Amino acid sequence: MKKIIFGIAFIIFFSFLIVSAVNMRTFGEPAFSEMDDYFIENAQRETGANNVVTSIVFDYRGFDTLGEATVLFTAVVGVVALFRGVKK
Amino acid sequence: MKEMSRIVKTVTNFVYGFIIIFGFYIIAHGHLTPGGGFQGGAVVGSAFALLLVSYGSLNSTKFLKKDIFSLFESFGLILFIVLGFSGLGITFFYNFLANSGGWFGNAAVIGVNPGDMNTGGVIPLMNIAVGLEVLSAFGVIVLTMASGAEFTKKKEKS
Amino acid sequence: MIGNLPYVAVVIFIGLGIYTLMFKKNLIKIAIGVVLIENGVNLFLITLGYRKGAIAPIYTQAPSGQAMVLPTPQALTLTSIVIGIATTALILSVAMMIYKHYGTLDTDEVRRLKG
């Protein structure tokens, strides 16, 4: 009985996803690109790096990278804390 | 876990040095070619996983120690934060070495060019700090889970 | 529909991940479902920033005079992949601890036994 309700709910949800994926914007024409055009034009002059993606990750949006490094450090602390307290 | 056969151990002895050097090449050239700190750190971390799988978890504690990896990870994160604070004259995370005459301070040629290693400002130093942190995080996670799987074997249900 | 094939692939990823989360009982299979959903979302992020006939946003020895792909979604996907590593490591460690404490990995049994 529970399986039938789960199955009907899953089919309805999946059909919503399929209909919205087929009717999306055409693939290959982004809607708004003014910020990225500024990054492509001026990243070599302002930061001096050839790689535009690296200069976005470490220079224009370096604060997000600080948050991500902290998340990785916290995950390692969590794994070590879970496996503590074993006696051989 | 048990160790693998002699063929696997011989190939691992030959190959793991090349994987580590390739990973450091990807970290160091992060501002010229595709790559950077996170991608190169993941490649070096997979070399540690290869060593652990082919030698078994009991033998590999002789040459892969958890304390040194933990020390390098903390050192990498502290270096990243210090590099953020050192541009504090204008703002937090300011690129104070770009286009100046100092350490990594040449100006890049505008347009298509073969890359110059000496450009980039504070970006190559941040790449090295983040790469050090990611490879140590991989080492600590894989070693802790492998030695933790030894004592979670199924006990007799009484 | 052929033109929107990357978006249909993303929907298939997310649909398979939600099917695994709803209908399976083993803890390792539930962890695989979480990883599938997270990888589908990463693929969706980088297919949003594509321009037709453009090259990668790197200036080192690129063919000159061509447009470039948008670089910002690629930077956000890097952060998302690293957060996925943290999630997978923690969910597998918690599964190992549940196996040590209860002796089984079936979610029906784990709910009924009171340790």
# chains A, B, ... in the order shown; residues from 1 in each chain; ligands from 1
$ interface_residues --of "chain C" --to "chain B" --cutoff "10 Å" --atoms "only C-alpha atoms" --output "list in words"
Ala56, Pro57, Ile58, Tyr59, Thr60, Gln61, Ala62, Pro63, Ser64, Gly65, Leu78, Thr79, Ile81, Val82, Ile85, Ala86, Ala89, Leu90, Leu92, Ser93, Met96, Met97, Ile98, Tyr99, Lys100, His101, Tyr102, Gly103 and Thr104 of chain C
$ closest_atom_pairs --of "chain C" --to "chain A" --cutoff "9 Å" --atoms "only C-alpha atoms" --output "CSV"
residue,atom,partner,partner_atom,distance
C:Met1,CA,A:Val22,CA,6.0
C:Gly3,CA,A:Phe27,CA,6.5
C:Asn4,CA,A:Phe27,CA,5.8
C:Leu5,CA,A:Val22,CA,8.3
C:Pro6,CA,A:Phe27,CA,8.0
C:Tyr7,CA,A:Ala21,CA,5.6
C:Val8,CA,A:Ala21,CA,5.9
C:Val10,CA,A:Ala21,CA,8.6
C:Val11,CA,A:Leu17,CA,6.4
C:Ile12,CA,A:Ile18,CA,8.5
C:Gly15,CA,A:Phe14,CA,6.4
C:Ile18,CA,A:Phe10,CA,8.3
C:Tyr19,CA,A:Phe10,CA,7.5
C:Met22,CA,A:Phe6,CA,7.6
C:Phe23,CA,A:Lys3,CA,8.2
C:Thr47,CA,A:Phe27,CA,8.0
C:Leu48,CA,A:Pro30,CA,7.0
C:Gly49,CA,A:Pro30,CA,6.3
C:Tyr50,CA,A:Gly28,CA,5.0
C:Arg51,CA,A:Gly28,CA,4.5
C:Lys52,CA,A:Gly28,CA,4.9
C:Gly53,CA,A:Gly28,CA,8.6
C:Pro57,CA,A:Val52,CA,6.0
C:Ile58,CA,A:Asn51,CA,4.8
C:Tyr59,CA,A:Asn50,CA,5.2
C:Thr60,CA,A:Asn50,CA,6.1
C:Met68,CA,A:Ile40,CA,7.8
C:Val69,CA,A:Asp36,CA,8.9
C:Leu70,CA,A:Asp36,CA,5.8
C:Pro71,CA,A:Val53,CA,5.6
C:Thr72,CA,A:Asp36,CA,6.8
C:Gln74,CA,A:Val53,CA,7.1
C:Ala75,CA,A:Val57,CA,5.7
C:Leu76,CA,A:Val57,CA,8.1
C:Leu78,CA,A:Val57,CA,8.6
C:Thr79,CA,A:Glu68,CA,6.2
C:Ser80,CA,A:Glu68,CA,8.6
C:Val82,CA,A:Leu72,CA,7.2
C:Ile83,CA,A:Val71,CA,7.0
C:Ile85,CA,A:Leu72,CA,8.1
C:Ala86,CA,A:Ala75,CA,5.4
C:Thr87,CA,A:Ala75,CA,7.7
C:Ala89,CA,A:Val79,CA,7.4
C:Leu90,CA,A:Val79,CA,6.3
C:Ser93,CA,A:Val79,CA,6.6
C:Val94,CA,A:Leu82,CA,7.8
C:Met97,CA,A:Leu82,CA,8.0
$ closest_atom_pairs --of "chain B" --to "chain A" --cutoff "6 Å" --atoms "only C-alpha atoms" --output "tab-separated table"
residue	atom	partner	partner_atom	distance
B:His31	CA	A:Asn51	CA	5.2
B:Leu32	CA	A:Asn50	CA	5.2
B:Ala98	CA	A:Thr47	CA	5.7
B:Ala107	CA	A:Gly48	CA	5.6
B:Ala108	CA	A:Gly48	CA	5.0
B:Thr119	CA	A:Gly48	CA	5.7
B:Gly120	CA	A:Ala49	CA	4.5
$ write_last_selection --atoms "N, CA and C atoms" --output "compact mmCIF listing (two decimals), in the first residue's frame"
# COMPACT_ATOMS: atom_id res chain seq x y z
N HIS B 31 47.78 29.18 -12.80
CA HIS B 31 47.34 30.45 -13.36
C HIS B 31 47.60 30.53 -14.85
N LEU B 32 48.10 29.46 -15.48
CA LEU B 32 48.36 29.48 -16.93
C LEU B 32 47.53 28.46 -17.68
N ALA B 98 50.12 41.89 -7.80
CA ALA B 98 49.90 41.90 -9.25
C ALA B 98 50.38 43.21 -9.85
N ALA B 107 53.62 41.96 -15.66
CA ALA B 107 52.30 42.21 -16.23
C ALA B 107 52.08 41.27 -17.40
N ALA B 108 50.91 40.69 -17.51
CA ALA B 108 50.64 39.74 -18.58
C ALA B 108 50.37 40.48 -19.88
N THR B 119 53.98 35.74 -13.74
CA THR B 119 52.84 36.63 -13.59
C THR B 119 51.93 36.11 -12.50
N GLY B 120 50.86 36.84 -12.25
CA GLY B 120 49.79 36.28 -11.45
C GLY B 120 49.60 36.87 -10.09
$ residues_around --residues "region 72-87 of chain B" --least-positions-apart "5" --cutoff "7 Å" --atoms "only C-alpha atoms" --output "number ranges by chain"
B: 92-96, 126, 129-130, 132-133, 136-137
$ write_last_selection --atoms "C-alpha atoms" --output "tab-separated table (two decimals), in the first residue's frame"
chain	number	residue	atom	x	y	z
B	92	PHE	CA	40.57	41.84	2.65
B	93	PHE	CA	41.93	39.43	-0.06
B	94	TYR	CA	43.49	42.21	-2.14
B	95	ASN	CA	45.95	41.11	-4.82
B	96	PHE	CA	48.86	43.26	-3.69
B	126	MET	CA	47.19	30.67	-2.85
B	129	ALA	CA	48.38	26.68	0.07
B	130	VAL	CA	45.06	25.20	-1.03
B	132	LEU	CA	48.69	21.42	0.36
B	133	GLU	CA	45.47	21.46	2.36
B	136	SER	CA	46.55	16.30	3.34
B	137	ALA	CA	42.77	16.12	3.79
$ atom_distance --atom1 "CA of Met117 (chain B)" --atom2 "CA of His29 (chain B)"
7.6 Å
$ select_by_dssp --residues "region 23-104 of chain B" --states "alpha helix (DSSP H)" --output "NGL selection string"
:B and (23-28 or 37-55 or 66-85)
$ atom_distance --atom1 "CA of Leu45 (chain C)" --atom2 "CA of Ala31 (chain C)"
21.9 Å
$ residues_around --residues "region 16-21 of chain B" --least-positions-apart "6" --cutoff "12 Å" --atoms "only C-alpha atoms" --output "list in words"
Val8, Lys9, Thr10, Ile27, Ala28, Gly40, Gly41, Ala42, Val43, Val44, Gly45, Ser46, Ala47, Phe48, Ala49, Leu50, Leu51, Leu52, Ser54 and Leu135 of chain B
$ write_last_selection --atoms "C-alpha atoms" --output "PDB file, in the first residue's frame"
ATOM      1  CA  VAL B   8      50.303  -4.951  -8.292  1.00  0.00           C
ATOM      2  CA  LYS B   9      53.008  -4.007  -5.796  1.00  0.00           C
ATOM      3  CA  THR B  10      55.688  -3.802  -8.491  1.00  0.00           C
ATOM      4  CA  ILE B  27      49.126  22.838  -8.758  1.00  0.00           C
ATOM      5  CA  ALA B  28      52.090  25.018  -9.728  1.00  0.00           C
ATOM      6  CA  GLY B  40      46.047  19.102  -8.317  1.00  0.00           C
ATOM      7  CA  GLY B  41      45.412  18.260  -4.666  1.00  0.00           C
ATOM      8  CA  ALA B  42      42.875  15.627  -5.708  1.00  0.00           C
ATOM      9  CA  VAL B  43      45.405  14.019  -8.107  1.00  0.00           C
ATOM     10  CA  VAL B  44      48.084  13.721  -5.376  1.00  0.00           C
ATOM     11  CA  GLY B  45      45.461  12.383  -2.941  1.00  0.00           C
ATOM     12  CA  SER B  46      44.606   9.598  -5.372  1.00  0.00           C
ATOM     13  CA  ALA B  47      48.296   8.552  -5.343  1.00  0.00           C
ATOM     14  CA  PHE B  48      48.031   8.058  -1.556  1.00  0.00           C
ATOM     15  CA  ALA B  49      44.874   5.999  -2.028  1.00  0.00           C
ATOM     16  CA  LEU B  50      46.714   3.809  -4.569  1.00  0.00           C
ATOM     17  CA  LEU B  51      49.524   3.166  -2.064  1.00  0.00           C
ATOM     18  CA  LEU B  52      47.036   2.279   0.664  1.00  0.00           C
ATOM     19  CA  SER B  54      48.012  -2.042  -2.899  1.00  0.00           C
ATOM     20  CA  LEU B 135      46.162  16.578  -0.408  1.00  0.00           C
TER      21      LEU B 135
END
$ atom_distance --atom1 "CA of Gly102 (chain B)" --atom2 "CA of Asn118 (chain B)"
9.8 Å
$ closest_residue --among "C:Lys24, C:Phe13, C:Leu105, C:Gly84" --to "Leu36 (chain C)" --atoms "only C-alpha atoms"
C:Phe13
$ select_by_dssp --residues "region 51-113 of chain C" --states "strand (DSSP E or B)" --output "ChimeraX atom specification"
/C:55,58,60,68,106
